[in-house]
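Take a look at the structure set out below.
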Amino acid sequence: MWNQIAIFTLRNRLLILLLVLGGAVFMGWHASHVQLSYDNKKVIPADDPAFVAFERFRQTFGEDGTVMMIGLQSDRLFEPECFEDFKKLTADIDSLDGIERVLSLGNAYDLVRNDSLGKFQLQPLQLDGPAMLAKMDSLPFYKGLLYEPKERVTLIAVTLKKSFLDSKARIKLVQEVEALTRNFSNRYQMEPHFSGLPYIRTVYSTKVADELKTFTLLSIGITALFLLVMFRSFYAVFVSLTVVIIGLVYTFGLLPILGYKITLLTGLLPPLIVVIIIQNCIYILNVYHFECRKHGNKILAMQRVLSKIGLASFITNLTTAVGFGVFVFSGSALLDQFSILSAAAIMLVYVISMTVFPIILSWLPAPQTRQLGHLDRRSTAGFVRFVSKAIFHHRPWIYGISLGLVVIGAVGIMQVKSIGYMVDDLPKNDPVYIDLKFFEKHFKGIMPLEFEIDTREDGGVKSLKTLQKIEKFQRVLAQMPELSRALSVVEFLKMANQAWYDGDPRRYRLPTARDASALTGYLPKGDGVNRKSPLSSMVDSSFRRARISVQMADVGSVKMEELSQQLDSTAKSIFPEDQYTVVMTGSSIINLKGNEYLIDNLIQGLAFALILISLMNASLFFNYKMILITLIPNLIPLALTLGIMGFAGIPLKNSTILVFSVAYGIVVDLTVHFLAKYRIELKKRKYRMSESVAHSVEESGYSMVYTTVILFFGFIIFAFSKFGGTVALGLLTSLSLIIGLLTNLFLLPALLLSLEKSLKKEELESGFIELEDEEA
């Protein structure tokens, strides 16, 4: 079949090339509409109980994680001129399009009792700096929320509109807020600090866009350089880069066609596609040069290339696509999109590589003797001879070293820990990380943690017993160093009680039963809470549900799990389960659940990939011994890489576990190419295994070495990323590729030779597909 495909391709070169180029124009038009993702893509499925509770909470109380925080530390803040400029800064930020509200000491309100109207009123504090400083002692509501008196740190809470949070406009808006703040801080020699989920996500999105461009160009440049060094041919580089550019256009065009945007995961794909295309090109070039040296007929050589490696390359690209695409049924939007896009792109670029590359080569001059010199390069040829000598004469050494690597890996695996942080992908000297620690030091953190107290009856929140329980729970929260001061309806009622007693700060406490009945008439009526009421984000419209909000430090998934259990136990002890329903939610909980979900699904996906790729390998040799042989050389690199993670203290988290699926999908390509060549040699040499192994190593070894070197440098560029997870992906995948090359060159042939007597001809002939010999 592949011989007929090769003949058809070469006879219809112009038509096929025009079709591919026409498709590139179409995909290029779609690629021009590709967008960066600015929303926080769901990691856990929409039907997960934690996510359902979080969505219900947001519908009741509004969005969480919409506040950008600005921190300023200075003794000069309350100087008259400085404080006036600070109030102006607050007003300027508030006036920006896309800002919902701003809260700071520059526009703070006081709650006052208005007997003539029979209600409480919020009045702006129109005070100068010294007066505001003096007033702070009588405003306990703001202490720990907007002002930390001990270190003279003040906070500006900037709430962004939902429509801006999920759009490109968020970047410009955040930059405008930063510019206004820095103009003020530079005038008074203050160092501003920025944080909050909108700010962190904006920085991440911007860095993803920057790295996408940088690493795509780097991968193209590095692979082009190595192609030139290896093949000493500008034609080879030109044709390869042409295929790369067409492949990238198709890849970017897939994004808007599938309705996807560029995320942290999908942003990794274009550089990976570059090295996958180059891998295909190297296999074609090597076999093409072997054939040209044999008989000098370039058209016959190209026909044999397509018939000889067409099916094997299809299987290798399919196994790579499976390695990337096994998470398509995870239920996670983030993983689903990455899986579908990567699998589709890999198979598309396979078709492009197997058509455009041979077609253009067939129109170019046949390679000169100088350009075929890489086939006799002493270093590569010497290495291949060393491999042949080792597998035929030193197999015990190969098995001993392999076993030693497995033992080392096993020891390291026992030291691997699974833990994730919100910003652990950023280096410790990154401004985002430094500012996060600033807010954790002075305000206990920025991660939203929410509690929903359901009294199970309308008006239940107004019960003094319920309010006292909420206050008791808040006192427990205040004792935890990881949590900030809580904000709830209780704090508003304390403020109201203080206002009832003409602003006496000693009265900042829950009203007594007698006072409560008196001041209730001054509160919003029980027929509902409108959106403009201060209570709108603290209770629902029926006063059935109350909200307790705290901010927490980025303590990591392990500590977060412990805290979650502790808080759940405390809540149950204070709020009887037969009377109340307490739900703990917020971005902190969703982040924890997301981390757990990603790791579980990545492990399941990797296991699924192992099974599926093993079945695909069975298409070459449908025999359990051969399937086992194909697994061993590919599992050792994964085990050793995981062990090195344990020794190096690299935690198992959502960004590092992706390494194993990606690496396995690529490393197994080496196995497939070797086995495909081995099966052809078996038929050619009448199933004499020793001769077949020797010739398979001699011819496949070059391609395996070249592709691994290219892939190594294609992945190692990720070590220069600003994201720790991407750095780990680059380093660990590169390491897995090198180990995979060695196990497939040494261990795989050695195992085949060791089974020479136990494998019968019928077992070697078994397989779902037939590979055509180039001499057919």
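Starting from 1 in every chain, residues are counted up; chains themselves are A, B, ... following the order of the structure tokens, and ligands are numbered from 1 as listed.
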
- Task: List the neighbours of Leu269 in chain A out to 9 Å using only C-alpha atoms; skip same-chain residues closer than 2 positions along the sequence, and give me the result as a list of chain:residue names.
- Result: A:Leu212, A:Thr251, A:Leu265, A:Thr266, A:Gly267, A:Pro271, A:Leu272, A:Ile273, A:Val274, A:Phe338, A:Leu341, A:Ser342, A:Ala345

Set the distance at 9 Å and use only C-alpha atoms: which residues neighbour range 427-431 of chain A once local chain neighbours fewer than 6 positions away are removed? I'd like the list as a PDB file with all heavy atoms, in the first residue's frame.
ATOM      1  N   HIS A 193       3.984  47.451  45.851  1.00  0.00           N
ATOM      2  CA  HIS A 193       3.877  45.996  45.748  1.00  0.00           C
ATOM      3  C   HIS A 193       2.513  45.662  45.158  1.00  0.00           C
ATOM      4  O   HIS A 193       1.496  46.222  45.573  1.00  0.00           O
ATOM      5  CB  HIS A 193       4.037  45.340  47.115  1.00  0.00           C
ATOM      6  CG  HIS A 193       5.349  45.652  47.777  1.00  0.00           C
ATOM      7  ND1 HIS A 193       6.488  44.905  47.587  1.00  0.00           N
ATOM      8  CD2 HIS A 193       5.700  46.661  48.616  1.00  0.00           C
ATOM      9  CE1 HIS A 193       7.482  45.419  48.283  1.00  0.00           C
ATOM     10  NE2 HIS A 193       7.035  46.491  48.922  1.00  0.00           N
ATOM     11  N   PHE A 194       2.505  44.716  44.207  1.00  0.00           N
ATOM     12  CA  PHE A 194       1.270  44.365  43.510  1.00  0.00           C
ATOM     13  C   PHE A 194       1.022  42.862  43.638  1.00  0.00           C
ATOM     14  O   PHE A 194       1.941  42.057  43.507  1.00  0.00           O
ATOM     15  CB  PHE A 194       1.361  44.736  42.025  1.00  0.00           C
ATOM     16  CG  PHE A 194       1.672  46.185  41.769  1.00  0.00           C
ATOM     17  CD1 PHE A 194       2.983  46.607  41.591  1.00  0.00           C
ATOM     18  CD2 PHE A 194       0.662  47.132  41.717  1.00  0.00           C
ATOM     19  CE1 PHE A 194       3.284  47.934  41.352  1.00  0.00           C
ATOM     20  CE2 PHE A 194       0.951  48.467  41.479  1.00  0.00           C
ATOM     21  CZ  PHE A 194       2.264  48.872  41.298  1.00  0.00           C
ATOM     22  N   LYS A 722      10.882  31.278  32.297  1.00  0.00           N
ATOM     23  CA  LYS A 722      10.672  31.966  33.569  1.00  0.00           C
ATOM     24  C   LYS A 722       9.755  31.158  34.488  1.00  0.00           C
ATOM     25  O   LYS A 722       9.556  31.543  35.643  1.00  0.00           O
ATOM     26  CB  LYS A 722      10.063  33.347  33.319  1.00  0.00           C
ATOM     27  CG  LYS A 722      10.965  34.282  32.513  1.00  0.00           C
ATOM     28  CD  LYS A 722      10.266  35.587  32.185  1.00  0.00           C
ATOM     29  CE  LYS A 722      11.145  36.480  31.310  1.00  0.00           C
ATOM     30  NZ  LYS A 722      10.446  37.719  30.904  1.00  0.00           N
ATOM     31  N   PHE A 723       9.186  30.079  33.965  1.00  0.00           N
ATOM     32  CA  PHE A 723       8.293  29.235  34.751  1.00  0.00           C
ATOM     33  C   PHE A 723       9.025  27.972  35.180  1.00  0.00           C
ATOM     34  O   PHE A 723       9.584  27.249  34.342  1.00  0.00           O
ATOM     35  CB  PHE A 723       7.053  28.852  33.942  1.00  0.00           C
ATOM     36  CG  PHE A 723       6.194  30.015  33.546  1.00  0.00           C
ATOM     37  CD1 PHE A 723       6.180  30.462  32.241  1.00  0.00           C
ATOM     38  CD2 PHE A 723       5.407  30.667  34.475  1.00  0.00           C
ATOM     39  CE1 PHE A 723       5.386  31.532  31.863  1.00  0.00           C
ATOM     40  CE2 PHE A 723       4.620  31.742  34.115  1.00  0.00           C
ATOM     41  CZ  PHE A 723       4.606  32.177  32.805  1.00  0.00           C
ATOM     42  N   GLY A 724       9.010  27.698  36.475  1.00  0.00           N
ATOM     43  CA  GLY A 724       9.702  26.523  36.995  1.00  0.00           C
ATOM     44  C   GLY A 724       9.195  25.234  36.389  1.00  0.00           C
ATOM     45  O   GLY A 724       9.973  24.308  36.105  1.00  0.00           O
TER      46      GLY A 724
END

- Task: Report as a list in words: the residues of range 568-597 of chain A with a DSSP assignment of strand (DSSP E), based on the backbone of this structure.
- Result: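 Filtering range 568-597 of chain A down to strand (DSSP E) leaves Thr581, Val582, Val583, Met584 and Thr585 of chain A.
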
- alpha helix (DSSP H) residues, from DSSP on the backbone, in range 360-527 of chain A, as an NGL selection string: :A and (360-363 or 378-393 or 395-413 or 431-443 or 464-478 or 489-500 or 513-519)
